[in-house]
>>> print(open('model_14.txt').read())   # compact mmCIF, N, CA and C atoms
# COMPACT_ATOMS: atom_id res chain seq x y z
N GLY A 1 15.24 -8.73 -6.23
CA GLY A 1 16.45 -8.28 -6.85
C GLY A 1 16.22 -7.97 -8.31
N SER A 2 17.25 -7.51 -8.93
CA SER A 2 17.16 -7.16 -10.34
C SER A 2 17.78 -8.24 -11.20
N ARG A 3 17.51 -8.17 -12.48
CA ARG A 3 18.03 -9.13 -13.45
C ARG A 3 18.67 -8.36 -14.59
N LEU A 4 19.68 -8.95 -15.21
CA LEU A 4 20.34 -8.37 -16.36
C LEU A 4 19.63 -8.84 -17.61
N VAL A 5 19.23 -7.91 -18.46
CA VAL A 5 18.52 -8.23 -19.70
C VAL A 5 19.42 -7.81 -20.86
N LYS A 6 19.60 -8.70 -21.80
CA LYS A 6 20.42 -8.42 -22.98
C LYS A 6 19.51 -8.29 -24.19
N ALA A 7 19.62 -7.16 -24.90
CA ALA A 7 18.85 -6.93 -26.12
C ALA A 7 19.80 -7.07 -27.31
N VAL A 8 19.42 -7.87 -28.27
CA VAL A 8 20.26 -8.14 -29.44
C VAL A 8 19.43 -7.90 -30.69
N GLY A 9 20.04 -7.27 -31.71
CA GLY A 9 19.36 -7.03 -32.97
C GLY A 9 19.81 -5.75 -33.60
N PRO A 10 19.06 -5.27 -34.58
CA PRO A 10 19.40 -4.00 -35.21
C PRO A 10 19.37 -2.87 -34.17
N SER A 11 20.17 -1.85 -34.36
CA SER A 11 20.30 -0.78 -33.36
C SER A 11 18.96 -0.11 -33.03
N THR A 12 18.09 0.07 -34.02
CA THR A 12 16.79 0.70 -33.74
C THR A 12 15.94 -0.18 -32.82
N ALA A 13 16.00 -1.50 -33.04
CA ALA A 13 15.23 -2.42 -32.20
C ALA A 13 15.81 -2.45 -30.78
N VAL A 14 17.14 -2.43 -30.68
CA VAL A 14 17.79 -2.44 -29.36
C VAL A 14 17.46 -1.15 -28.62
N GLU A 15 17.50 -0.02 -29.30
CA GLU A 15 17.16 1.27 -28.67
C GLU A 15 15.70 1.28 -28.20
N LYS A 16 14.81 0.73 -29.03
CA LYS A 16 13.40 0.66 -28.67
C LYS A 16 13.20 -0.24 -27.44
N ALA A 17 13.89 -1.38 -27.42
CA ALA A 17 13.82 -2.29 -26.27
C ALA A 17 14.37 -1.63 -25.02
N ALA A 18 15.47 -0.91 -25.16
CA ALA A 18 16.07 -0.22 -24.01
C ALA A 18 15.12 0.83 -23.44
N ALA A 19 14.47 1.59 -24.33
CA ALA A 19 13.52 2.61 -23.88
C ALA A 19 12.35 1.96 -23.15
N MET A 20 11.86 0.85 -23.70
CA MET A 20 10.73 0.15 -23.08
C MET A 20 11.14 -0.38 -21.71
N LEU A 21 12.33 -0.97 -21.61
CA LEU A 21 12.78 -1.53 -20.33
C LEU A 21 13.02 -0.43 -19.30
N ARG A 22 13.56 0.71 -19.74
CA ARG A 22 13.75 1.83 -18.81
C ARG A 22 12.40 2.31 -18.27
N ALA A 23 11.41 2.36 -19.14
CA ALA A 23 10.07 2.80 -18.72
C ALA A 23 9.49 1.83 -17.69
N TRP A 24 9.73 0.54 -17.87
CA TRP A 24 9.21 -0.46 -16.93
C TRP A 24 10.04 -0.56 -15.66
N ALA A 25 11.31 -0.12 -15.72
CA ALA A 25 12.19 -0.22 -14.55
C ALA A 25 11.75 0.74 -13.44
N ALA A 26 11.23 1.89 -13.83
CA ALA A 26 10.76 2.86 -12.85
C ALA A 26 9.25 2.70 -12.69
N PRO A 27 8.76 2.77 -11.46
CA PRO A 27 7.31 2.65 -11.28
C PRO A 27 6.57 3.79 -11.97
N ALA A 28 5.39 3.49 -12.49
CA ALA A 28 4.56 4.50 -13.14
C ALA A 28 3.97 5.44 -12.10
N ALA A 29 3.81 4.95 -10.88
CA ALA A 29 3.24 5.77 -9.81
C ALA A 29 3.76 5.26 -8.47
N ARG A 30 3.75 6.15 -7.51
CA ARG A 30 4.11 5.80 -6.12
C ARG A 30 2.99 6.37 -5.25
N ARG A 31 2.46 5.54 -4.37
CA ARG A 31 1.35 5.97 -3.53
C ARG A 31 1.73 5.72 -2.07
N GLU A 32 1.65 6.77 -1.26
CA GLU A 32 1.94 6.63 0.16
C GLU A 32 0.73 6.01 0.85
N VAL A 33 0.95 5.01 1.71
CA VAL A 33 -0.13 4.35 2.44
C VAL A 33 0.23 4.28 3.92
N SER A 34 -0.79 4.14 4.74
CA SER A 34 -0.55 4.03 6.19
C SER A 34 -0.10 2.62 6.54
N GLN A 35 0.52 2.50 7.70
CA GLN A 35 0.93 1.19 8.20
C GLN A 35 -0.30 0.31 8.40
N LEU A 36 -1.42 0.91 8.80
CA LEU A 36 -2.66 0.15 9.01
C LEU A 36 -3.12 -0.49 7.71
N LEU A 37 -3.13 0.28 6.62
CA LEU A 37 -3.53 -0.27 5.33
C LEU A 37 -2.51 -1.31 4.86
N LEU A 38 -1.24 -1.03 5.07
CA LEU A 38 -0.21 -1.99 4.67
C LEU A 38 -0.40 -3.32 5.39
N ALA A 39 -0.77 -3.27 6.66
CA ALA A 39 -1.00 -4.50 7.43
C ALA A 39 -2.18 -5.29 6.85
N ARG A 40 -3.14 -4.59 6.26
CA ARG A 40 -4.27 -5.29 5.64
C ARG A 40 -3.87 -5.89 4.30
N LEU A 41 -2.96 -5.23 3.59
CA LEU A 41 -2.52 -5.73 2.28
C LEU A 41 -1.51 -6.86 2.41
N VAL A 42 -0.60 -6.72 3.38
CA VAL A 42 0.46 -7.72 3.57
C VAL A 42 0.49 -8.07 5.05
N PRO A 43 -0.41 -8.94 5.51
CA PRO A 43 -0.47 -9.27 6.93
C PRO A 43 0.78 -9.99 7.40
N LYS A 44 1.11 -9.76 8.65
CA LYS A 44 2.25 -10.47 9.24
C LYS A 44 1.79 -11.89 9.55
N VAL A 45 2.35 -12.84 8.86
CA VAL A 45 1.91 -14.23 8.95
C VAL A 45 2.02 -14.76 10.37
N ALA A 46 3.13 -14.51 11.03
CA ALA A 46 3.34 -15.05 12.37
C ALA A 46 2.30 -14.50 13.35
N ALA A 47 1.99 -13.21 13.21
CA ALA A 47 1.03 -12.58 14.13
C ALA A 47 -0.36 -13.15 13.92
N LEU A 48 -0.69 -13.53 12.71
CA LEU A 48 -2.01 -14.05 12.42
C LEU A 48 -2.12 -15.55 12.64
N GLY A 49 -0.95 -16.22 12.70
CA GLY A 49 -0.95 -17.67 12.82
C GLY A 49 -1.45 -18.34 11.55
N ALA A 50 -1.38 -17.64 10.42
CA ALA A 50 -1.87 -18.17 9.15
C ALA A 50 -0.74 -18.82 8.37
N SER A 51 -1.10 -19.48 7.31
CA SER A 51 -0.08 -20.10 6.46
C SER A 51 0.66 -19.03 5.71
N SER A 52 1.83 -19.37 5.17
CA SER A 52 2.63 -18.39 4.44
C SER A 52 1.92 -17.93 3.17
N ASP A 53 0.93 -18.69 2.69
CA ASP A 53 0.16 -18.27 1.52
C ASP A 53 -0.66 -17.02 1.80
N ALA A 54 -0.95 -16.76 3.08
CA ALA A 54 -1.76 -15.60 3.44
C ALA A 54 -0.97 -14.30 3.30
N ALA A 55 0.35 -14.36 3.39
CA ALA A 55 1.16 -13.15 3.28
C ALA A 55 1.00 -12.57 1.89
N GLY A 56 0.62 -11.32 1.81
CA GLY A 56 0.48 -10.65 0.53
C GLY A 56 -0.80 -10.98 -0.21
N ALA A 57 -1.72 -11.70 0.42
CA ALA A 57 -2.97 -12.06 -0.26
C ALA A 57 -3.76 -10.81 -0.65
N GLY A 58 -3.79 -9.81 0.21
CA GLY A 58 -4.49 -8.57 -0.11
C GLY A 58 -3.84 -7.84 -1.27
N LEU A 59 -2.52 -7.85 -1.29
CA LEU A 59 -1.79 -7.22 -2.38
C LEU A 59 -2.03 -7.97 -3.68
N ALA A 60 -2.07 -9.29 -3.62
CA ALA A 60 -2.33 -10.10 -4.82
C ALA A 60 -3.73 -9.83 -5.36
N LYS A 61 -4.71 -9.68 -4.47
CA LYS A 61 -6.09 -9.38 -4.91
C LYS A 61 -6.14 -8.01 -5.58
N LEU A 62 -5.41 -7.05 -5.01
CA LEU A 62 -5.37 -5.71 -5.58
C LEU A 62 -4.72 -5.73 -6.97
N MET A 63 -3.67 -6.51 -7.12
CA MET A 63 -3.01 -6.62 -8.43
C MET A 63 -3.94 -7.29 -9.44
N SER A 64 -4.63 -8.32 -9.00
CA SER A 64 -5.56 -9.03 -9.88
C SER A 64 -6.70 -8.12 -10.32
N ALA A 65 -7.24 -7.36 -9.38
CA ALA A 65 -8.37 -6.49 -9.69
C ALA A 65 -7.98 -5.32 -10.59
N SER A 66 -6.74 -4.83 -10.45
CA SER A 66 -6.33 -3.65 -11.21
C SER A 66 -5.59 -3.99 -12.50
N GLY A 67 -4.93 -5.14 -12.53
CA GLY A 67 -4.10 -5.48 -13.68
C GLY A 67 -2.71 -4.87 -13.59
N ALA A 68 -2.42 -4.18 -12.49
CA ALA A 68 -1.11 -3.55 -12.29
C ALA A 68 -0.24 -4.43 -11.39
N VAL A 69 1.04 -4.14 -11.37
CA VAL A 69 1.97 -4.81 -10.47
C VAL A 69 2.26 -3.83 -9.34
N LEU A 70 2.12 -4.28 -8.09
CA LEU A 70 2.36 -3.43 -6.94
C LEU A 70 3.44 -4.02 -6.08
N GLN A 71 4.26 -3.16 -5.52
CA GLN A 71 5.33 -3.59 -4.62
C GLN A 71 5.47 -2.57 -3.51
N VAL A 72 5.66 -3.04 -2.29
CA VAL A 72 5.85 -2.14 -1.16
C VAL A 72 7.32 -1.73 -1.14
N ALA A 73 7.57 -0.43 -1.20
CA ALA A 73 8.94 0.09 -1.15
C ALA A 73 9.46 -0.01 0.27
N SER A 74 10.75 -0.11 0.41
CA SER A 74 11.34 -0.27 1.74
C SER A 74 11.47 1.05 2.48
N ALA A 75 11.27 2.16 1.80
CA ALA A 75 11.44 3.45 2.46
C ALA A 75 10.53 4.50 1.82
N VAL A 76 10.28 5.56 2.57
CA VAL A 76 9.55 6.72 2.06
C VAL A 76 10.58 7.82 1.86
N ASP A 77 10.79 8.25 0.63
CA ASP A 77 11.77 9.29 0.31
C ASP A 77 13.12 9.02 0.96
N GLY A 78 13.57 7.77 0.89
CA GLY A 78 14.89 7.41 1.41
C GLY A 78 14.96 7.21 2.91
N LYS A 79 13.85 7.47 3.63
CA LYS A 79 13.84 7.30 5.09
C LYS A 79 13.03 6.07 5.44
N GLN A 80 13.54 5.25 6.32
CA GLN A 80 12.82 4.06 6.76
C GLN A 80 11.65 4.46 7.66
N GLU A 81 10.49 3.81 7.41
CA GLU A 81 9.33 3.95 8.30
C GLU A 81 9.05 5.40 8.69
N ASP A 82 8.83 6.28 7.74
CA ASP A 82 8.60 7.68 8.00
C ASP A 82 7.22 7.90 8.60
N GLU A 83 7.19 8.11 9.91
CA GLU A 83 5.95 8.42 10.64
C GLU A 83 4.81 7.46 10.35
N GLY A 84 5.11 6.18 10.28
CA GLY A 84 4.07 5.18 10.10
C GLY A 84 3.52 5.10 8.69
N ARG A 85 4.20 5.67 7.72
CA ARG A 85 3.75 5.67 6.33
C ARG A 85 4.73 4.83 5.50
N ARG A 86 4.23 4.19 4.46
CA ARG A 86 5.06 3.44 3.51
C ARG A 86 4.59 3.79 2.10
N VAL A 87 5.40 3.41 1.12
CA VAL A 87 5.08 3.71 -0.27
C VAL A 87 4.83 2.41 -1.02
N VAL A 88 3.75 2.40 -1.79
CA VAL A 88 3.46 1.29 -2.69
C VAL A 88 3.81 1.79 -4.09
N GLU A 89 4.68 1.06 -4.78
CA GLU A 89 5.07 1.41 -6.14
C GLU A 89 4.18 0.62 -7.09
N ILE A 90 3.77 1.28 -8.18
CA ILE A 90 2.80 0.69 -9.11
C ILE A 90 3.37 0.70 -10.52
N TRP A 91 3.33 -0.45 -11.19
CA TRP A 91 3.75 -0.58 -12.58
C TRP A 91 2.58 -1.11 -13.39
N GLY A 92 2.54 -0.75 -14.67
CA GLY A 92 1.53 -1.30 -15.56
C GLY A 92 1.10 -0.31 -16.61
N SER A 93 0.07 -0.70 -17.35
CA SER A 93 -0.49 0.19 -18.36
C SER A 93 -1.11 1.39 -17.65
N PRO A 94 -1.28 2.50 -18.36
CA PRO A 94 -1.91 3.66 -17.72
C PRO A 94 -3.27 3.34 -17.09
N LYS A 95 -4.09 2.52 -17.77
CA LYS A 95 -5.40 2.15 -17.21
C LYS A 95 -5.24 1.34 -15.92
N ALA A 96 -4.31 0.39 -15.94
CA ALA A 96 -4.10 -0.46 -14.76
C ALA A 96 -3.58 0.36 -13.58
N VAL A 97 -2.70 1.31 -13.85
CA VAL A 97 -2.15 2.16 -12.79
C VAL A 97 -3.26 3.02 -12.19
N VAL A 98 -4.11 3.59 -13.01
CA VAL A 98 -5.23 4.41 -12.52
C VAL A 98 -6.17 3.56 -11.67
N ARG A 99 -6.46 2.33 -12.13
CA ARG A 99 -7.33 1.43 -11.34
C ARG A 99 -6.69 1.10 -10.00
N ALA A 100 -5.40 0.80 -9.99
CA ALA A 100 -4.71 0.46 -8.75
C ALA A 100 -4.71 1.64 -7.79
N GLU A 101 -4.45 2.84 -8.32
CA GLU A 101 -4.48 4.04 -7.46
C GLU A 101 -5.87 4.26 -6.88
N GLY A 102 -6.90 4.06 -7.70
CA GLY A 102 -8.27 4.21 -7.21
C GLY A 102 -8.61 3.21 -6.13
N LEU A 103 -8.18 1.96 -6.32
CA LEU A 103 -8.43 0.93 -5.30
C LEU A 103 -7.68 1.23 -4.02
N LEU A 104 -6.44 1.71 -4.12
CA LEU A 104 -5.68 2.08 -2.92
C LEU A 104 -6.35 3.25 -2.20
N ASP A 105 -6.84 4.22 -2.95
CA ASP A 105 -7.54 5.35 -2.34
C ASP A 105 -8.80 4.89 -1.62
N GLU A 106 -9.54 4.00 -2.28
CA GLU A 106 -10.77 3.45 -1.69
C GLU A 106 -10.46 2.71 -0.39
N LEU A 107 -9.43 1.88 -0.41
CA LEU A 107 -9.04 1.14 0.79
C LEU A 107 -8.55 2.08 1.88
N SER A 108 -7.82 3.13 1.50
CA SER A 108 -7.33 4.10 2.49
C SER A 108 -8.48 4.80 3.19
N GLU A 109 -9.54 5.09 2.43
CA GLU A 109 -10.73 5.73 3.02
C GLU A 109 -11.42 4.80 4.01
N ARG A 110 -11.49 3.52 3.67
CA ARG A 110 -12.19 2.55 4.53
C ARG A 110 -11.38 2.14 5.75
N HIS A 111 -10.06 2.25 5.68
CA HIS A 111 -9.21 1.76 6.76
C HIS A 111 -8.30 2.86 7.30
N ALA A 112 -8.91 3.97 7.68
CA ALA A 112 -8.18 5.09 8.25
C ALA A 112 -8.01 4.88 9.75
N ALA A 113 -7.05 5.58 10.33
CA ALA A 113 -6.83 5.49 11.78
C ALA A 113 -6.24 6.80 12.27
N ALA A 114 -6.56 7.14 13.48
CA ALA A 114 -5.99 8.31 14.13
C ALA A 114 -5.85 7.99 15.61
N PHE A 115 -4.85 8.56 16.23
CA PHE A 115 -4.62 8.33 17.65
C PHE A 115 -4.83 9.64 18.39
N PHE A 116 -5.53 9.56 19.50
CA PHE A 116 -5.82 10.74 20.30
C PHE A 116 -5.43 10.46 21.73
N GLU A 117 -4.87 11.46 22.35
CA GLU A 117 -4.54 11.33 23.77
C GLU A 117 -5.63 12.07 24.54
N ILE A 118 -6.29 11.33 25.42
CA ILE A 118 -7.33 11.95 26.24
C ILE A 118 -7.03 11.64 27.70
N PRO A 119 -7.49 12.48 28.59
CA PRO A 119 -7.25 12.24 30.02
C PRO A 119 -7.88 10.92 30.46
N ARG A 120 -7.25 10.26 31.39
CA ARG A 120 -7.71 8.96 31.89
C ARG A 120 -9.16 9.01 32.35
N HIS A 121 -9.55 10.10 33.02
CA HIS A 121 -10.93 10.17 33.54
C HIS A 121 -11.98 10.26 32.42
N ALA A 122 -11.56 10.62 31.18
CA ALA A 122 -12.51 10.77 30.08
C ALA A 122 -12.69 9.49 29.26
N VAL A 123 -11.84 8.49 29.49
CA VAL A 123 -11.88 7.26 28.68
C VAL A 123 -13.22 6.55 28.82
N ALA A 124 -13.68 6.35 30.04
CA ALA A 124 -14.94 5.64 30.26
C ALA A 124 -16.10 6.37 29.60
N HIS A 125 -16.11 7.68 29.69
CA HIS A 125 -17.19 8.46 29.08
C HIS A 125 -17.13 8.36 27.55
N ALA A 126 -15.94 8.45 26.98
CA ALA A 126 -15.78 8.41 25.52
C ALA A 126 -16.18 7.05 24.95
N MET A 127 -15.87 5.99 25.69
CA MET A 127 -16.18 4.65 25.19
C MET A 127 -17.61 4.24 25.51
N GLY A 128 -18.07 4.60 26.69
CA GLY A 128 -19.40 4.15 27.11
C GLY A 128 -19.34 2.72 27.59
N ARG A 129 -20.41 2.26 28.22
CA ARG A 129 -20.47 0.90 28.76
C ARG A 129 -20.39 -0.11 27.62
N GLY A 130 -19.39 -0.96 27.65
CA GLY A 130 -19.21 -1.98 26.62
C GLY A 130 -18.88 -1.39 25.23
N GLY A 131 -18.40 -0.14 25.22
CA GLY A 131 -18.02 0.48 23.94
C GLY A 131 -19.19 1.03 23.14
N VAL A 132 -20.35 1.19 23.79
CA VAL A 132 -21.55 1.61 23.09
C VAL A 132 -21.39 2.97 22.41
N GLU A 133 -20.70 3.91 23.03
CA GLU A 133 -20.52 5.24 22.44
C GLU A 133 -19.68 5.15 21.17
N LEU A 134 -18.65 4.33 21.19
CA LEU A 134 -17.81 4.18 20.00
C LEU A 134 -18.58 3.46 18.88
N ARG A 135 -19.41 2.53 19.23
CA ARG A 135 -20.19 1.79 18.21
C ARG A 135 -21.20 2.72 17.51
N LYS A 136 -21.66 3.76 18.19
CA LYS A 136 -22.59 4.71 17.57
C LYS A 136 -21.93 5.41 16.38
N ILE A 137 -20.63 5.56 16.43
CA ILE A 137 -19.88 6.24 15.37
C ILE A 137 -19.77 5.35 14.13
N GLU A 138 -19.68 4.04 14.32
CA GLU A 138 -19.47 3.11 13.21
C GLU A 138 -20.52 3.19 12.17
>>> encode(input="model_14.txt", output="structure tokens")
Amino acid sequence: GSRLVKAVGPSTAVEKAAAMLRAWAAPAARREVSQLLLARLVPKVAALGASSDAAGAGLAKLMSASGAVLQVASAVDGKQEDEGRRVVEIWGSPKAVVRAEGLLDELSERHAAAFFEIPRHAVAHAMGRGGVELRKIE
């Protein structure tokens, strides 16, 4: 949720504080991420059977490494769960925001996913015995 902040002092100081707070109120950047990457950043605790401390551990590591503050937005352009994509909002110094964006890009590259529909008779051939064909791609 949000908090009410009261600035008191000379008008120039109050105006400067208001400008600074407005700048911090809006994220410096918004980055669209896949549901797969989001699951790695903020795992579902119940599904993993882990302690509640595990929730958001990936996001906390990303914040620590970048120096930025990251938050998962509840919608993409006002729409809930738009085609399996979510938005991560980023706040911080310009350097911290650039680092966070770079780390998110790096993670997105490493944890990509695509779904393909193939005929049932082709599944065994595509996978190979014990998944050997798929492992060759890794």
>>> residues_around(input="model_14.txt", residues="region 92-103 of chain A", least_positions_apart="6", cutoff="9 Å", atoms="only C-alpha atoms", output="short mmCIF file (atom, residue, chain, number, x, y, z; two decimals) with N, CA and C atoms, keeping the file's coordinate frame")
data_model
loop_
_atom_site.label_atom_id
_atom_site.label_comp_id
_atom_site.auth_asym_id
_atom_site.auth_seq_id
_atom_site.Cartn_x
_atom_site.Cartn_y
_atom_site.Cartn_z
N TRP A 24 9.73 0.54 -17.87
CA TRP A 24 9.21 -0.46 -16.93
C TRP A 24 10.04 -0.56 -15.66
N PRO A 27 8.76 2.77 -11.46
CA PRO A 27 7.31 2.65 -11.28
C PRO A 27 6.57 3.79 -11.97
N ALA A 28 5.39 3.49 -12.49
CA ALA A 28 4.56 4.50 -13.14
C ALA A 28 3.97 5.44 -12.10
N ALA A 29 3.81 4.95 -10.88
CA ALA A 29 3.24 5.77 -9.81
C ALA A 29 3.76 5.26 -8.47
N ARG A 30 3.75 6.15 -7.51
CA ARG A 30 4.11 5.80 -6.12
C ARG A 30 2.99 6.37 -5.25
N ARG A 31 2.46 5.54 -4.37
CA ARG A 31 1.35 5.97 -3.53
C ARG A 31 1.73 5.72 -2.07
N LEU A 62 -5.41 -7.05 -5.01
CA LEU A 62 -5.37 -5.71 -5.58
C LEU A 62 -4.72 -5.73 -6.97
N MET A 63 -3.67 -6.51 -7.12
CA MET A 63 -3.01 -6.62 -8.43
C MET A 63 -3.94 -7.29 -9.44
N ALA A 65 -7.24 -7.36 -9.38
CA ALA A 65 -8.37 -6.49 -9.69
C ALA A 65 -7.98 -5.32 -10.59
N SER A 66 -6.74 -4.83 -10.45
CA SER A 66 -6.33 -3.65 -11.21
C SER A 66 -5.59 -3.99 -12.50
N GLY A 67 -4.93 -5.14 -12.53
CA GLY A 67 -4.10 -5.48 -13.68
C GLY A 67 -2.71 -4.87 -13.59
N ALA A 68 -2.42 -4.18 -12.49
CA ALA A 68 -1.11 -3.55 -12.29
C ALA A 68 -0.24 -4.43 -11.39
N VAL A 69 1.04 -4.14 -11.37
CA VAL A 69 1.97 -4.81 -10.47
C VAL A 69 2.26 -3.83 -9.34
N LEU A 70 2.12 -4.28 -8.09
CA LEU A 70 2.36 -3.43 -6.94
C LEU A 70 3.44 -4.02 -6.08
#
>>> atom_distance(input="model_14.txt", atom1="CA of Ser64 (chain A)", atom2="CA of Ser34 (chain A)")
21.3 Å
>>> atom_distance(input="model_14.txt", atom1="CA of Gln35 (chain A)", atom2="CA of Ile90 (chain A)")
17.4 Å
>>> atom_distance(input="model_14.txt", atom1="CA of Leu41 (chain A)", atom2="CA of Arg22 (chain A)")
27.7 Å
>>> residues_around(input="model_14.txt", residues="Ala112 (chain A)", least_positions_apart="2", cutoff="8 Å", atoms="only C-alpha atoms", output="mmCIF file with N, CA and C atoms, keeping the file's coordinate frame")
data_model
loop_
_atom_site.group_PDB
_atom_site.id
_atom_site.type_symbol
_atom_site.label_atom_id
_atom_site.label_comp_id
_atom_site.auth_asym_id
_atom_site.auth_seq_id
_atom_site.Cartn_x
_atom_site.Cartn_y
_atom_site.Cartn_z
ATOM 1 N N SER A 34 -0.790 4.140 4.740
ATOM 2 C CA SER A 34 -0.550 4.030 6.190
ATOM 3 C C SER A 34 -0.100 2.620 6.540
ATOM 4 N N LEU A 36 -1.420 0.910 8.800
ATOM 5 C CA LEU A 36 -2.660 0.150 9.010
ATOM 6 C C LEU A 36 -3.120 -0.490 7.710
ATOM 7 N N LEU A 37 -3.130 0.280 6.620
ATOM 8 C CA LEU A 37 -3.530 -0.270 5.330
ATOM 9 C C LEU A 37 -2.510 -1.310 4.860
ATOM 10 N N SER A 108 -7.820 3.130 1.500
ATOM 11 C CA SER A 108 -7.330 4.100 2.490
ATOM 12 C C SER A 108 -8.480 4.800 3.190
ATOM 13 N N GLU A 109 -9.540 5.090 2.430
ATOM 14 C CA GLU A 109 -10.730 5.730 3.020
ATOM 15 C C GLU A 109 -11.420 4.800 4.010
ATOM 16 N N ARG A 110 -11.490 3.520 3.670
ATOM 17 C CA ARG A 110 -12.190 2.550 4.530
ATOM 18 C C ARG A 110 -11.380 2.140 5.750
ATOM 19 N N ALA A 114 -6.560 7.140 13.480
ATOM 20 C CA ALA A 114 -5.990 8.310 14.130
ATOM 21 C C ALA A 114 -5.850 7.990 15.610
#
>>> select_by_dssp(input="model_14.txt", residues="region 103-136 of chain A", states="helix (DSSP H, G or I)", output="mmCIF file with N, CA and C atoms, in the frame of the given file")
data_model
loop_
_atom_site.group_PDB
_atom_site.id
_atom_site.type_symbol
_atom_site.label_atom_id
_atom_site.label_comp_id
_atom_site.auth_asym_id
_atom_site.auth_seq_id
_atom_site.Cartn_x
_atom_site.Cartn_y
_atom_site.Cartn_z
ATOM 1 N N LEU A 103 -8.180 1.960 -6.320
ATOM 2 C CA LEU A 103 -8.430 0.930 -5.300
ATOM 3 C C LEU A 103 -7.680 1.230 -4.020
ATOM 4 N N LEU A 104 -6.440 1.710 -4.120
ATOM 5 C CA LEU A 104 -5.680 2.080 -2.920
ATOM 6 C C LEU A 104 -6.350 3.250 -2.200
ATOM 7 N N ASP A 105 -6.840 4.220 -2.950
ATOM 8 C CA ASP A 105 -7.540 5.350 -2.340
ATOM 9 C C ASP A 105 -8.800 4.890 -1.620
ATOM 10 N N GLU A 106 -9.540 4.000 -2.280
ATOM 11 C CA GLU A 106 -10.770 3.450 -1.690
ATOM 12 C C GLU A 106 -10.460 2.710 -0.390
ATOM 13 N N LEU A 107 -9.430 1.880 -0.410
ATOM 14 C CA LEU A 107 -9.040 1.140 0.790
ATOM 15 C C LEU A 107 -8.550 2.080 1.880
ATOM 16 N N SER A 108 -7.820 3.130 1.500
ATOM 17 C CA SER A 108 -7.330 4.100 2.490
ATOM 18 C C SER A 108 -8.480 4.800 3.190
ATOM 19 N N GLU A 109 -9.540 5.090 2.430
ATOM 20 C CA GLU A 109 -10.730 5.730 3.020
ATOM 21 C C GLU A 109 -11.420 4.800 4.010
ATOM 22 N N ARG A 110 -11.490 3.520 3.670
ATOM 23 C CA ARG A 110 -12.190 2.550 4.530
ATOM 24 C C ARG A 110 -11.380 2.140 5.750
ATOM 25 N N ARG A 120 -7.250 10.260 31.390
ATOM 26 C CA ARG A 120 -7.710 8.960 31.890
ATOM 27 C C ARG A 120 -9.160 9.010 32.350
ATOM 28 N N HIS A 121 -9.550 10.100 33.020
ATOM 29 C CA HIS A 121 -10.930 10.170 33.540
ATOM 30 C C HIS A 121 -11.980 10.260 32.420
ATOM 31 N N ALA A 122 -11.560 10.620 31.180
ATOM 32 C CA ALA A 122 -12.510 10.770 30.080
ATOM 33 C C ALA A 122 -12.690 9.490 29.260
ATOM 34 N N VAL A 123 -11.840 8.490 29.490
ATOM 35 C CA VAL A 123 -11.880 7.260 28.680
ATOM 36 C C VAL A 123 -13.220 6.550 28.820
ATOM 37 N N ALA A 124 -13.680 6.350 30.040
ATOM 38 C CA ALA A 124 -14.940 5.640 30.260
ATOM 39 C C ALA A 124 -16.100 6.370 29.600
ATOM 40 N N HIS A 125 -16.110 7.680 29.690
ATOM 41 C CA HIS A 125 -17.190 8.460 29.080
ATOM 42 C C HIS A 125 -17.130 8.360 27.550
ATOM 43 N N ALA A 126 -15.940 8.450 26.980
ATOM 44 C CA ALA A 126 -15.780 8.410 25.520
ATOM 45 C C ALA A 126 -16.180 7.050 24.950
ATOM 46 N N MET A 127 -15.870 5.990 25.690
ATOM 47 C CA MET A 127 -16.180 4.650 25.190
ATOM 48 C C MET A 127 -17.610 4.240 25.510
ATOM 49 N N ARG A 129 -20.410 2.260 28.220
ATOM 50 C CA ARG A 129 -20.470 0.900 28.760
ATOM 51 C C ARG A 129 -20.390 -0.110 27.620
ATOM 52 N N GLY A 130 -19.390 -0.960 27.650
ATOM 53 C CA GLY A 130 -19.210 -1.980 26.620
ATOM 54 C C GLY A 130 -18.880 -1.390 25.230
ATOM 55 N N GLY A 131 -18.400 -0.140 25.220
ATOM 56 C CA GLY A 131 -18.020 0.480 23.940
ATOM 57 C C GLY A 131 -19.190 1.030 23.140
ATOM 58 N N VAL A 132 -20.350 1.190 23.790
ATOM 59 C CA VAL A 132 -21.550 1.610 23.090
ATOM 60 C C VAL A 132 -21.390 2.970 22.410
ATOM 61 N N GLU A 133 -20.700 3.910 23.030
ATOM 62 C CA GLU A 133 -20.520 5.240 22.440
ATOM 63 C C GLU A 133 -19.680 5.150 21.170
ATOM 64 N N LEU A 134 -18.650 4.330 21.190
ATOM 65 C CA LEU A 134 -17.810 4.180 20.000
ATOM 66 C C LEU A 134 -18.580 3.460 18.880
ATOM 67 N N ARG A 135 -19.410 2.530 19.230
ATOM 68 C CA ARG A 135 -20.190 1.790 18.210
ATOM 69 C C ARG A 135 -21.200 2.720 17.510
ATOM 70 N N LYS A 136 -21.660 3.760 18.190
ATOM 71 C CA LYS A 136 -22.590 4.710 17.570
ATOM 72 C C LYS A 136 -21.930 5.410 16.380
#
